[in-house]
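A.B. asks: Sending over upload_0.txt (compact mmCIF, C-alpha atoms).
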# COMPACT_ATOMS: atom_id res chain seq x y z
CA MET W 1041 5.70 85.51 141.11
CA SER W 1042 9.38 86.42 140.98
CA SER W 1043 10.16 84.15 143.88
CA ASN W 1044 8.46 81.34 142.01
CA LYS W 1045 10.61 82.03 139.03
CA ARG W 1046 13.71 82.05 141.13
CA SER W 1047 12.87 78.74 142.76
CA ALA W 1048 12.11 77.26 139.33
CA ASN W 1049 15.51 78.42 138.15
CA GLN W 1050 17.04 76.97 141.24
CA ASP W 1051 15.31 73.66 140.64
CA GLN W 1052 16.63 73.61 137.12
CA ARG W 1053 20.10 74.29 138.31
CA THR W 1054 19.96 71.58 140.95
CA ALA W 1055 18.54 69.17 138.39
CA ALA W 1056 21.35 69.94 135.98
CA GLN W 1057 23.87 69.58 138.76
CA SER W 1058 22.50 66.27 139.88
CA THR W 1059 22.58 64.89 136.30
CA GLU W 1060 26.18 65.95 136.11
CA LEU W 1061 26.92 64.25 139.38
CA LEU W 1062 25.08 61.14 138.29
CA GLN W 1063 27.22 60.97 135.17
CA GLU W 1064 30.33 61.21 137.25
CA LEU W 1065 28.94 58.48 139.47
CA VAL W 1066 28.13 56.27 136.49
CA ALA W 1067 31.66 56.69 135.16
CA HIS W 1068 32.98 55.61 138.55
CA LEU W 1069 30.72 52.56 138.62
CA ARG W 1070 31.70 51.55 135.10
CA GLN W 1071 35.36 51.87 135.93
CA ASN W 1072 35.15 49.66 138.98
CA ARG W 1073 32.68 47.24 137.47
CA THR W 1074 34.66 44.04 137.95
CA GLN W 1075 35.61 44.72 141.51
CA LEU W 1076 32.20 45.99 142.68
CA ARG W 1077 30.40 43.19 140.95
CA GLU W 1078 32.59 40.66 142.66
CA GLU W 1079 32.08 42.23 146.03
CA TRP W 1080 28.36 42.25 145.50
CA ALA W 1081 28.30 38.57 144.51
CA ASN W 1082 30.27 37.78 147.66
CA ARG W 1083 27.87 39.73 149.81
CA ILE W 1084 24.95 37.85 148.26
CA ALA W 1085 26.63 34.53 148.98
CA GLU W 1086 27.37 35.65 152.54
CA ALA W 1087 23.79 36.65 153.15
CA ARG W 1088 22.69 33.27 151.77
CA LEU W 1089 20.35 34.84 149.26
CA LEU W 1090 19.33 33.18 146.00
CA THR W 1091 20.51 29.79 147.22
CA ALA W 1092 18.36 28.18 144.54
CA MET W 1093 20.89 29.31 141.91
CA THR W 1094 24.34 27.95 141.20
CA LYS W 1095 27.40 30.16 141.68
CA GLU W 1096 27.89 30.65 137.93
CA GLU W 1097 24.27 31.52 137.35
CA LEU W 1098 24.35 33.92 140.23
CA PHE W 1099 27.42 35.64 138.82
CA ALA W 1100 25.94 35.89 135.33
CA GLU W 1101 22.68 37.25 136.74
CA ALA W 1102 24.57 39.64 139.02
CA THR W 1103 26.49 40.97 136.04
CA SER W 1104 23.39 41.76 134.06
CA VAL W 1105 21.62 43.24 137.07
CA TYR W 1106 24.67 45.43 137.69
CA ASP W 1107 24.80 46.61 134.10
CA ASN W 1108 21.10 47.31 134.03
CA TYR W 1109 21.40 49.13 137.31
CA VAL W 1110 24.17 51.39 136.04
CA GLU W 1111 22.30 51.89 132.79
CA ALA W 1112 19.19 53.03 134.65
CA LEU W 1113 21.31 55.42 136.73
CA SER W 1114 22.94 56.90 133.66
CA THR W 1115 19.84 57.31 131.47
CA GLY W 1116 17.41 58.09 134.30
CA THR W 1117 14.76 56.00 132.50
CA PHE W 1118 13.38 52.91 134.09
CA GLU W 1119 11.48 51.20 131.26
CA ALA W 1120 14.39 48.99 130.25
CA LEU W 1121 14.97 48.08 133.87
CA GLN W 1122 11.31 47.31 134.33
CA THR W 1123 11.34 44.94 131.36
CA TYR W 1124 14.49 43.35 132.64
CA ALA W 1125 13.02 42.93 136.13
CA ARG W 1126 9.97 41.27 134.65
CA ASP W 1127 12.11 38.89 132.56
CA LEU W 1128 14.27 38.10 135.54
CA SER W 1129 11.24 37.41 137.73
CA GLU W 1130 9.77 35.17 135.06
CA ARG W 1131 12.97 33.15 135.06
CA ILE W 1132 13.53 32.89 138.79
CA ILE W 1133 10.01 32.59 140.20
CA PRO W 1134 9.56 28.98 139.04
CA ARG W 1135 12.79 28.15 140.87
CA GLY W 1136 11.33 29.21 144.18
CA VAL W 1137 13.03 32.57 144.67
CA GLU W 1138 11.30 34.59 147.36
CA THR W 1139 10.43 38.26 147.44
CA HIS W 1140 12.79 38.99 150.32
CA GLU W 1141 15.69 37.57 148.31
CA VAL W 1142 15.08 39.78 145.32
CA VAL W 1143 14.60 42.88 147.44
CA GLY W 1144 17.59 41.80 149.51
CA ILE W 1145 20.03 41.57 146.61
CA VAL W 1146 18.98 44.91 145.16
CA LEU W 1147 19.44 46.57 148.54
CA LEU W 1148 22.81 44.87 148.90
CA LEU W 1149 23.90 46.28 145.57
CA ARG W 1150 22.76 49.70 146.68
CA ASP W 1151 24.84 49.35 149.85
CA VAL W 1152 27.91 48.05 148.02
CA LEU W 1153 27.82 50.98 145.62
CA ALA W 1154 27.22 53.47 148.43
CA ARG W 1155 30.23 52.08 150.29
CA SER W 1156 32.40 52.49 147.24
CA LEU W 1157 31.25 56.09 147.02
CA PHE W 1158 32.16 56.65 150.66
CA ALA W 1159 35.59 55.22 149.96
CA LYS W 1160 36.13 57.36 146.88
CA TYR W 1161 35.00 60.70 148.33
CA GLN W 1162 36.10 60.24 151.92
CA GLY W 1163 38.39 63.23 151.63
CA ASP W 1164 35.70 65.61 150.40
CA PHE W 1165 32.67 65.52 152.66
CA MET W 1166 30.71 68.18 150.72
CA MET W 1167 31.22 66.34 147.48
CA LEU W 1168 30.21 63.06 149.08
CA ASN W 1169 27.03 64.64 150.32
CA ARG W 1170 26.12 65.98 146.90
CA ILE W 1171 26.93 62.70 145.21
CA LEU W 1172 24.74 60.85 147.69
CA ASP W 1173 21.96 63.37 147.14
CA ALA W 1174 22.03 62.47 143.49
CA TYR W 1175 22.55 58.77 144.03
CA GLU W 1176 20.03 57.93 146.75
CA PRO W 1177 16.74 58.87 145.04
CA ALA W 1178 17.79 57.10 141.86
CA ALA W 1179 18.94 54.02 143.75
CA ASN W 1180 15.75 53.87 145.79
CA ARG W 1181 13.70 54.18 142.69
CA ILE W 1182 15.60 51.30 141.12
CA ALA W 1183 15.05 49.12 144.17
CA ASN W 1184 11.40 50.03 144.06
CA THR W 1185 11.09 49.24 140.37
CA VAL W 1186 12.69 45.83 140.72
CA ALA W 1187 10.65 44.88 143.77
CA VAL W 1188 7.39 46.00 142.20
CA GLY W 1189 8.26 44.16 138.98
CA PHE W 1190 8.92 40.99 140.92
CA VAL W 1191 5.74 41.19 142.96
CA GLN W 1192 3.66 42.00 139.90
CA GLU W 1193 5.05 38.98 138.10
CA ARG W 1194 4.28 36.78 141.10
CA GLU W 1195 0.77 38.12 141.26
CA ARG W 1196 0.34 37.43 137.58
CA VAL W 1197 1.41 33.81 138.11
CA ILE W 1198 -0.93 33.47 141.07
CA ARG W 1199 -3.83 34.89 139.10
CA GLN W 1200 -3.12 32.49 136.26
CA GLN W 1201 -3.07 29.53 138.62
CA GLN W 1202 -6.23 30.64 140.36
CA GLU W 1203 -7.96 30.78 137.01
CA ALA W 1204 -6.72 27.31 136.13
CA ILE W 1205 -7.94 25.91 139.45
CA ARG W 1206 -11.27 27.56 139.01
CA GLU W 1207 -11.70 26.07 135.55
CA LEU W 1208 -10.71 22.65 136.79
CA SER W 1209 -12.80 22.68 139.89
CA THR W 1210 -16.23 22.99 138.33
CA PRO W 1211 -16.89 20.34 135.72
CA VAL W 1212 -20.44 19.93 134.50
CA LEU W 1213 -20.71 16.36 133.24
CA GLN W 1214 -23.33 14.66 131.19
CA VAL W 1215 -24.02 11.11 132.46
CA ARG W 1216 -26.95 10.35 130.24
CA GLU W 1217 -28.95 12.12 127.61
CA ARG W 1218 -30.43 15.15 129.41
CA LEU W 1219 -28.90 14.26 132.78
CA LEU W 1220 -26.02 16.33 134.14
CA ILE W 1221 -23.99 15.87 137.27
CA LEU W 1222 -22.09 18.61 139.02
CA PRO W 1223 -19.68 17.21 141.58
CA ILE W 1224 -18.48 19.94 143.91
CA ILE W 1225 -15.29 19.37 145.84
CA GLY W 1226 -13.52 21.65 148.27
CA VAL W 1227 -14.40 24.93 149.84
CA ILE W 1228 -17.12 27.04 148.27
CA ASP W 1229 -16.86 30.77 148.70
CA ALA W 1230 -19.26 33.31 147.32
CA GLN W 1231 -17.28 33.82 144.12
CA ARG W 1232 -16.94 30.13 143.37
CA ALA W 1233 -20.59 29.57 144.13
CA ARG W 1234 -21.46 32.25 141.61
CA GLN W 1235 -19.24 30.69 139.01
CA LEU W 1236 -20.69 27.24 139.65
CA THR W 1237 -24.15 28.58 139.08
CA GLU W 1238 -23.19 30.30 135.88
CA GLN W 1239 -21.52 27.19 134.53
CA LEU W 1240 -24.42 24.98 135.54
CA LEU W 1241 -27.06 27.21 133.96
CA ARG W 1242 -25.03 27.40 130.76
CA GLY W 1243 -24.58 23.62 130.86
CA ILE W 1244 -28.32 23.09 131.23
CA ARG W 1245 -28.92 25.18 128.17
CA THR W 1246 -26.26 23.66 125.92
CA ASN W 1247 -26.96 20.04 126.93
CA ARG W 1248 -30.73 20.56 127.06
CA ALA W 1249 -30.70 18.95 130.48
CA LYS W 1250 -33.91 18.02 132.25
CA VAL W 1251 -32.40 16.75 135.49
CA VAL W 1252 -29.25 17.87 137.29
CA VAL W 1253 -27.61 16.06 140.20
CA ILE W 1254 -25.48 18.36 142.36
CA ASP W 1255 -23.22 16.25 144.53
CA ILE W 1256 -21.72 18.04 147.51
CA THR W 1257 -20.16 15.02 149.24
CA GLY W 1258 -16.77 16.72 148.88
CA VAL W 1259 -17.88 19.93 150.59
CA ALA W 1260 -17.16 19.84 154.31
CA ALA W 1261 -19.01 22.98 155.34
CA MET W 1262 -20.74 25.96 153.87
CA ASP W 1263 -21.86 29.21 155.40
CA ALA W 1264 -25.32 30.68 155.24
CA THR W 1265 -24.57 32.85 152.20
CA VAL W 1266 -23.38 29.92 150.15
CA ALA W 1267 -26.24 27.69 151.30
CA ASN W 1268 -28.63 30.38 150.20
CA HIS W 1269 -26.82 30.59 146.91
CA LEU W 1270 -27.25 26.84 146.46
CA VAL W 1271 -30.97 27.22 146.95
CA GLN W 1272 -31.02 30.06 144.44
CA THR W 1273 -29.19 27.86 141.96
CA VAL W 1274 -31.84 25.19 142.38
CA GLU W 1275 -34.56 27.74 141.73
CA ALA W 1276 -32.81 29.26 138.73
CA SER W 1277 -32.39 25.79 137.23
CA ARG W 1278 -36.08 25.21 137.65
CA LEU W 1279 -36.80 28.39 135.71
CA LEU W 1280 -34.84 26.83 132.85
CA GLY W 1281 -37.04 23.77 133.12
CA ALA W 1282 -34.58 21.49 134.86
CA THR W 1283 -35.12 19.60 138.09
CA VAL W 1284 -32.24 19.59 140.55
CA VAL W 1285 -31.40 16.74 142.89
CA VAL W 1286 -28.90 17.60 145.63
CA THR W 1287 -26.94 14.66 147.05
CA GLY W 1288 -24.35 14.02 149.71
CA LEU W 1289 -25.25 16.72 152.23
CA SER W 1290 -22.95 16.35 155.20
CA PRO W 1291 -24.48 16.55 158.68
CA GLU W 1292 -22.90 20.00 159.15
CA ILE W 1293 -24.39 21.36 155.96
CA ALA W 1294 -27.75 19.82 156.77
CA GLN W 1295 -27.58 21.67 160.06
CA THR W 1296 -26.66 24.95 158.39
CA ILE W 1297 -29.55 24.67 155.99
CA VAL W 1298 -32.02 23.92 158.77
CA THR W 1299 -30.63 26.72 160.94
CA ILE W 1300 -30.94 29.40 158.28
CA GLY W 1301 -34.46 28.18 157.67
CA VAL W 1302 -34.20 27.48 153.96
CA ASP W 1303 -37.41 26.05 152.59
CA LEU W 1304 -36.47 22.44 151.90
CA GLY W 1305 -39.73 21.83 150.10
CA LYS W 1306 -38.18 23.36 147.03
CA MET W 1307 -35.12 21.16 147.28
CA ASN W 1308 -35.00 17.61 146.14
CA THR W 1309 -32.36 15.89 148.29
CA VAL W 1310 -31.12 12.32 148.28
CA GLY W 1311 -28.55 10.75 150.58
CA ASP W 1312 -25.76 9.82 148.22
CA LEU W 1313 -24.74 10.22 144.60
CA GLN W 1314 -25.93 6.75 143.64
CA GLY W 1315 -29.36 7.41 145.04
CA GLY W 1316 -29.40 10.78 143.30
CA ILE W 1317 -28.60 9.31 139.91
CA GLU W 1318 -31.20 6.60 140.41
CA GLN W 1319 -33.81 9.18 141.23
CA ALA W 1320 -32.77 11.27 138.24
CA GLU W 1321 -33.14 8.24 135.99
CA ARG W 1322 -36.60 7.63 137.37
CA LEU W 1323 -37.52 11.24 136.66
CA LEU W 1324 -36.28 10.85 133.09
CA GLY W 1325 -38.13 7.56 132.65
CA TYR W 1326 -35.06 5.33 132.51
CA LYS W 1327 -34.99 1.94 134.15
CA VAL W 1328 -31.69 0.19 134.67
CA VAL W 1329 -32.03 -3.58 134.41
CA PRO W 1330 -29.24 -6.17 134.80
CA VAL W 1331 -28.36 -7.94 131.52
CA ALA W 1332 -29.33 -11.35 133.01
CA ASP W 1333 -32.91 -10.19 133.59
CA THR W 1334 -33.37 -8.88 130.08
CA ALA W 1335 -32.02 -12.14 128.65
CA SER W 1336 -34.43 -14.31 130.63
CA ALA W 1337 -37.39 -12.09 129.89
CA MET V 502 -45.87 46.28 120.88
CA GLU V 503 -48.44 43.57 120.41
CA VAL V 504 -47.43 39.98 121.07
CA PRO V 505 -48.50 37.56 118.32
CA ILE V 506 -50.49 34.58 119.59
CA LEU V 507 -50.43 31.52 117.34
CA LYS V 508 -52.81 28.61 117.51
CA GLN V 509 -51.27 25.17 117.24
CA GLY V 510 -53.85 22.44 117.62
CA ARG V 511 -55.36 22.82 121.05
CA PHE V 512 -52.44 24.91 122.26
CA LEU V 513 -51.69 28.59 121.98
CA ILE V 514 -48.18 29.95 121.55
CA ALA V 515 -47.34 33.54 122.48
CA THR V 516 -43.85 34.60 121.50
CA ILE V 517 -42.61 37.77 123.13
CA GLN V 518 -40.23 39.39 120.67
CA ALA V 519 -39.00 42.50 122.42
CA ALA V 520 -39.04 44.13 125.81
CA LEU V 521 -42.64 44.85 126.79
CA SER V 522 -44.04 47.83 128.60
CA ASP V 523 -46.44 47.29 131.48
CA ALA V 524 -49.34 48.19 129.23
CA ASP V 525 -48.20 45.64 126.66
CA LEU V 526 -48.11 42.97 129.35
CA LEU V 527 -51.65 43.76 130.44
CA GLN V 528 -52.73 43.69 126.83
CA LEU V 529 -51.09 40.26 126.45
CA ARG V 530 -52.94 39.03 129.51
CA ARG V 531 -56.24 40.18 128.13
CA ALA V 532 -55.59 38.74 124.65
CA LEU V 533 -54.50 35.35 125.99
CA ILE V 534 -57.56 34.90 128.19
CA ASP V 535 -59.85 35.87 125.33
CA LYS V 536 -58.20 33.43 122.97
CA VAL V 537 -58.15 30.57 125.47
CA ILE V 538 -61.88 30.98 125.85
CA HIS V 539 -62.48 31.50 122.15
CA PHE V 540 -60.51 28.49 120.92
CA ARG V 541 -61.24 26.29 123.95
CA SER V 542 -57.48 25.74 124.24
CA ASN V 543 -56.12 23.47 126.92
CA GLY V 544 -52.57 24.72 126.98
CA VAL V 545 -50.60 27.96 126.55
CA ILE V 546 -46.92 28.47 125.92
CA ILE V 547 -45.33 31.85 126.57
CA ASP V 548 -41.92 32.11 124.96
CA VAL V 549 -39.65 34.67 126.61
CA THR V 550 -36.40 33.73 124.85
CA ALA V 551 -35.98 37.26 123.50
CA LEU V 552 -36.24 38.92 126.90
CA ASP V 553 -33.01 39.82 128.62
CA VAL V 554 -34.70 41.42 131.59
CA MET V 555 -37.62 40.21 133.67
CA ASP V 556 -38.78 42.67 136.29
CA SER V 557 -41.18 42.10 139.14
CA PHE V 558 -44.16 43.38 137.19
CA ALA V 559 -43.50 41.05 134.25
CA THR V 560 -43.02 38.12 136.62
CA ARG V 561 -46.19 38.87 138.50
CA THR V 562 -48.19 39.32 135.31
CA LEU V 563 -46.96 36.01 133.94
CA ARG V 564 -47.93 34.31 137.19
CA ASP V 565 -51.34 35.96 137.09
CA ILE V 566 -51.84 34.78 133.51
CA THR V 567 -50.95 31.24 134.57
CA ASN V 568 -53.40 31.33 137.43
CA MET V 569 -56.20 32.80 135.31
CA ILE V 570 -55.68 30.22 132.61
CA ARG V 571 -55.66 27.49 135.21
CA LEU V 572 -59.15 28.63 136.22
CA ARG V 573 -60.21 27.80 132.67
CA GLY V 574 -58.78 24.31 133.14
CA ALA V 575 -55.82 24.90 130.86
CA GLY V 576 -52.11 24.71 131.61
CA THR V 577 -49.39 27.31 130.98
CA VAL V 578 -45.67 26.87 130.44
CA ILE V 579 -43.11 29.68 130.37
CA VAL V 580 -40.27 28.70 128.05
CA GLY V 581 -36.88 30.09 127.10
CA ILE V 582 -35.84 31.98 130.22
CA GLN V 583 -32.17 32.85 129.67
CA PRO V 584 -29.65 31.59 132.25
CA GLU V 585 -28.62 35.11 133.27
CA VAL V 586 -32.24 36.20 133.54
CA ALA V 587 -33.07 33.15 135.65
CA PHE V 588 -30.28 33.88 138.07
CA ALA V 589 -31.12 37.57 138.29
CA MET V 590 -34.74 36.64 138.98
CA VAL V 591 -33.99 34.32 141.90
CA GLN V 592 -31.64 36.89 143.35
CA LEU V 593 -34.51 39.36 143.32
CA GLY V 594 -36.73 36.72 144.88
CA LEU V 595 -38.88 36.38 141.76
CA THR V 596 -39.10 32.61 141.66
CA MET V 597 -42.48 32.22 139.93
CA GLU V 598 -43.67 29.50 142.25
CA GLY V 599 -46.37 27.28 140.91
CA VAL V 600 -45.61 28.24 137.34
CA ALA V 601 -44.37 25.53 134.99
CA THR V 602 -41.19 26.35 133.11
CA ALA V 603 -39.34 24.60 130.29
CA LEU V 604 -36.13 25.06 128.38
CA ASP V 605 -37.58 25.87 124.97
CA LEU V 606 -40.66 25.62 122.78
CA GLU V 607 -40.15 21.93 122.09
CA GLU V 608 -39.92 21.08 125.78
CA GLY V 609 -42.92 23.27 126.50
CA LEU V 610 -45.05 21.46 123.91
CA GLU V 611 -44.00 18.12 125.35
CA HIS V 612 -44.93 19.29 128.83
CA LEU V 613 -48.38 20.40 127.66
CA GLN V 614 -48.93 17.15 125.81
CA LEU V 615 -48.08 15.13 128.91
CA ARG V 616 -50.42 17.34 130.89
CA ALA V 617 -53.21 16.94 128.34
CA THR V 618 -52.92 13.16 128.52
CA GLY V 619 -53.08 13.31 132.28
CA LYS V 620 -49.52 12.15 132.90
CA ILE V 621 -48.54 15.19 134.96
Show me this structure written as structure tokens.
C.D. replies:
Amino acid sequence: MSSNKRSANQDQRTAAQSTELLQELVAHLRQNRTQLREEWANRIAEARLLTAMTKEELFAEATSVYDNYVEALSTGTFEALQTYARDLSERIIPRGVETHEVVGIVLLLRDVLARSLFAKYQGDFMMLNRILDAYEPAANRIANTVAVGFVQERERVIRQQQEAIRELSTPVLQVRERLLILPIIGVIDAQRARQLTEQLLRGIRTNRAKVVVIDITGVAAMDATVANHLVQTVEASRLLGATVVVTGLSPEIAQTIVTIGVDLGKMNTVGDLQGGIEQAERLLGYKVVPVADTASA
Amino acid sequence: MEVPILKQGRFLIATIQAALSDADLLQLRRALIDKVIHFRSNGVIIDVTALDVMDSFATRTLRDITNMIRLRGAGTVIVGIQPEVAFAMVQLGLTMEGVATALDLEEGLEHLQLRATGKI
């Protein structure tokens, strides 16, 4: 019990000491701002990082990173830095800045500052040690915060784009009253297959479709799971009262379907999209006649 | 809960309005057969729009009803299966083979009319 108390006291004392040291450190960094900032910018240029930015931009950005860095050291709170890192990432990601560059410049700054500390306290080894004890965890945490902020922002952008692609890639189109076509292009994975089905079933309901043509000319290959899913989609559409015509099966997909032993009796397949639409029109009772014939008749 | 069965010309329309217990389903089966015989109907529509779950028992009972009614020479259409329900059903392997399905009541009536005139 008492030993616990003592160690708690000790912790408090060390914490207080390290804040004190950090403040001293911050004062040092503020004093030498111009020089350290310049050195850092030079190191960045030397390492050929952030080449997508002009020299002026780099310097302006370096200045604000430096100030935010020192600010985070002095306050010990990282929220402001986090926000700044997110803003920065938002600005530089569209310009093609890579993760290694962002992590690289933050680590460079850490090194530049550490060097300046070595230079300042080279006479007093004990003091240097204590200063570094205070500096290192904070600096590492800053590097961590910036890197995580950058990666999170990138992930957010990727997610957004994925969503956009997904939306774009599955149009359900009405060609005629009660006739939908669903052209599928590209690779189908389980998730996309699921989404296709959902969109198709919803489309059948809202357009009151009776016949659906699923065209898979643009799909090079599909695995057994997805082929099975396709069959399920056909069956689910039937439960909604719609007939499905599948067109454009590539030889590979035809082989997959035969190999996994899907019952083709349930599937209505036609060679190409034209044939599929013609069959769908027949099912709906349409007959397409050239204008010349109707005129003579 | 009892399912109301309405007579519309030579067709019967049963609209399920809430989730049914197994006993309710059996009761529906019984009532439908009786009415088909009584009214000499030649078509039955079962509207399941209100159902958001269809389990294996419900599916099997509906298929049984269809088959029994077919023995009387009448046709049956299940209408209004929700998209999510349809997909869940095929994933469970409940595909209701041999049972006619349609989007909604209107489609179902059209289907029965075509059937009655011998076009299907």
A.B. asks: Restrict the distance test to all atoms listed in the file, flag each residue of chain W within 6 Å of chain V, and return the flagged residues as a list in words.
C.D. replies: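 On the chain W side, the interface is Leu1241, Gln1272, Ala1276, Leu1279, Leu1280 and Gly1281 of chain W.
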A.B. asks: Using C-alpha atoms, can you export the residues from the last selection as a JSON list (two decimals), in the frame of the given file?
C.D. replies:
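See out_30.json below for the written result:
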[["chain", "number", "residue", "atom", "x", "y", "z"],
["W", 1241, "LEU", "CA", -27.06, 27.21, 133.96],
["W", 1272, "GLN", "CA", -31.02, 30.06, 144.44],
["W", 1276, "ALA", "CA", -32.81, 29.26, 138.73],
["W", 1279, "LEU", "CA", -36.80, 28.39, 135.71],
["W", 1280, "LEU", "CA", -34.84, 26.83, 132.85],
["W", 1281, "GLY", "CA", -37.04, 23.77, 133.12]]
A.B. asks: Of the candidates W:Pro1177, W:Gly1301, W:Gly1243, W:Gly1316, which one gets nearest to Ile1256 in chain W if we count all atoms listed in the file?
C.D. replies: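 Ranking W:Pro1177, W:Gly1301, W:Gly1243, W:Gly1316 by distance to Ile1256 in chain W, first place goes to W:Gly1316.
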A.B. asks: Go ahead and find all residues with at least one atom no further than 10 Å from (24.2, 38.4, 139.6) in the file's coordinates, using all atoms listed in the file; report them as JSON, numbers by chain.
C.D. replies: {"W": [1077, 1078, 1080, 1081, 1084, 1090, 1093, 1095, 1096, 1097, 1098, 1099, 1100, 1101, 1102, 1103, 1104, 1105, 1106, 1107, 1145, 1149]}
A.B. asks: Could you give me, as a Markdown table, a per-residue list for range 530-612 of chain V showing, wherever an atom lies at most 7 Å from an atom of range 505-513 of chain V, the closest pair of atoms and their distance in Å to one decimal, using only C-alpha atoms and sorting by chain then residue number from low to high?
C.D. replies:
| residue | atom | partner | partner_atom | distance |
| --- | --- | --- | --- | --- |
| V:Ser542 | CA | V:Arg511 | CA | 4.8 |
| V:Asn543 | CA | V:Arg511 | CA | 6.0 |
| V:Gly544 | CA | V:Phe512 | CA | 4.7 |
| V:Val545 | CA | V:Leu513 | CA | 4.7 |
| V:Ile546 | CA | V:Leu513 | CA | 6.2 |
A.B. asks: Give me, as a PDB file with C-alpha atoms, in the frame of the given file, all polymer residues having an atom no more than 10 Å from Ile566 in chain V, counting all atoms listed in the file and skipping those fewer than 5 positions away in the same chain.
C.D. replies:
ATOM      1  CA  LEU V 526     -48.110  42.970 129.350  1.00  0.00           C
ATOM      2  CA  LEU V 527     -51.650  43.760 130.440  1.00  0.00           C
ATOM      3  CA  LEU V 529     -51.090  40.260 126.450  1.00  0.00           C
ATOM      4  CA  ARG V 530     -52.940  39.030 129.510  1.00  0.00           C
ATOM      5  CA  ARG V 531     -56.240  40.180 128.130  1.00  0.00           C
ATOM      6  CA  LEU V 533     -54.500  35.350 125.990  1.00  0.00           C
ATOM      7  CA  ILE V 534     -57.560  34.900 128.190  1.00  0.00           C
ATOM      8  CA  VAL V 545     -50.600  27.960 126.550  1.00  0.00           C
ATOM      9  CA  ILE V 547     -45.330  31.850 126.570  1.00  0.00           C
ATOM     10  CA  THR V 560     -43.020  38.120 136.620  1.00  0.00           C
ATOM     11  CA  ARG V 561     -46.190  38.870 138.500  1.00  0.00           C
ATOM     12  CA  ARG V 571     -55.660  27.490 135.210  1.00  0.00           C
ATOM     13  CA  LEU V 572     -59.150  28.630 136.220  1.00  0.00           C
ATOM     14  CA  THR V 577     -49.390  27.310 130.980  1.00  0.00           C
ATOM     15  CA  VAL V 600     -45.610  28.240 137.340  1.00  0.00           C
TER      16      VAL V 600
END
A.B. asks: Please measure the separation of CA of Leu1168 in chain W and CA of Leu1153 in chain W, giving the value in Å to one decimal.
C.D. replies: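 One can read the CA of Leu1168 in chain W to CA of Leu1153 in chain W distance as 12.8 Å.
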A.B. asks: For a test of reading the model, state the distance in Å between CA of Arg1248 in chain W and CA of Leu610 in chain V, rounded to one decimal.
C.D. replies: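 Between CA of Arg1248 in chain W and CA of Leu610 in chain V the gap works out to 14.7 Å.
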A.B. asks: Closest to Ala1125 in chain W among W:Ala1112, W:Val1188, W:Val1274, W:Ala1085, using all atoms listed in the file?
C.D. replies: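 Of W:Ala1112, W:Val1188, W:Val1274, W:Ala1085, the one nearest Ala1125 in chain W is W:Val1188, counting all atoms listed in the file.
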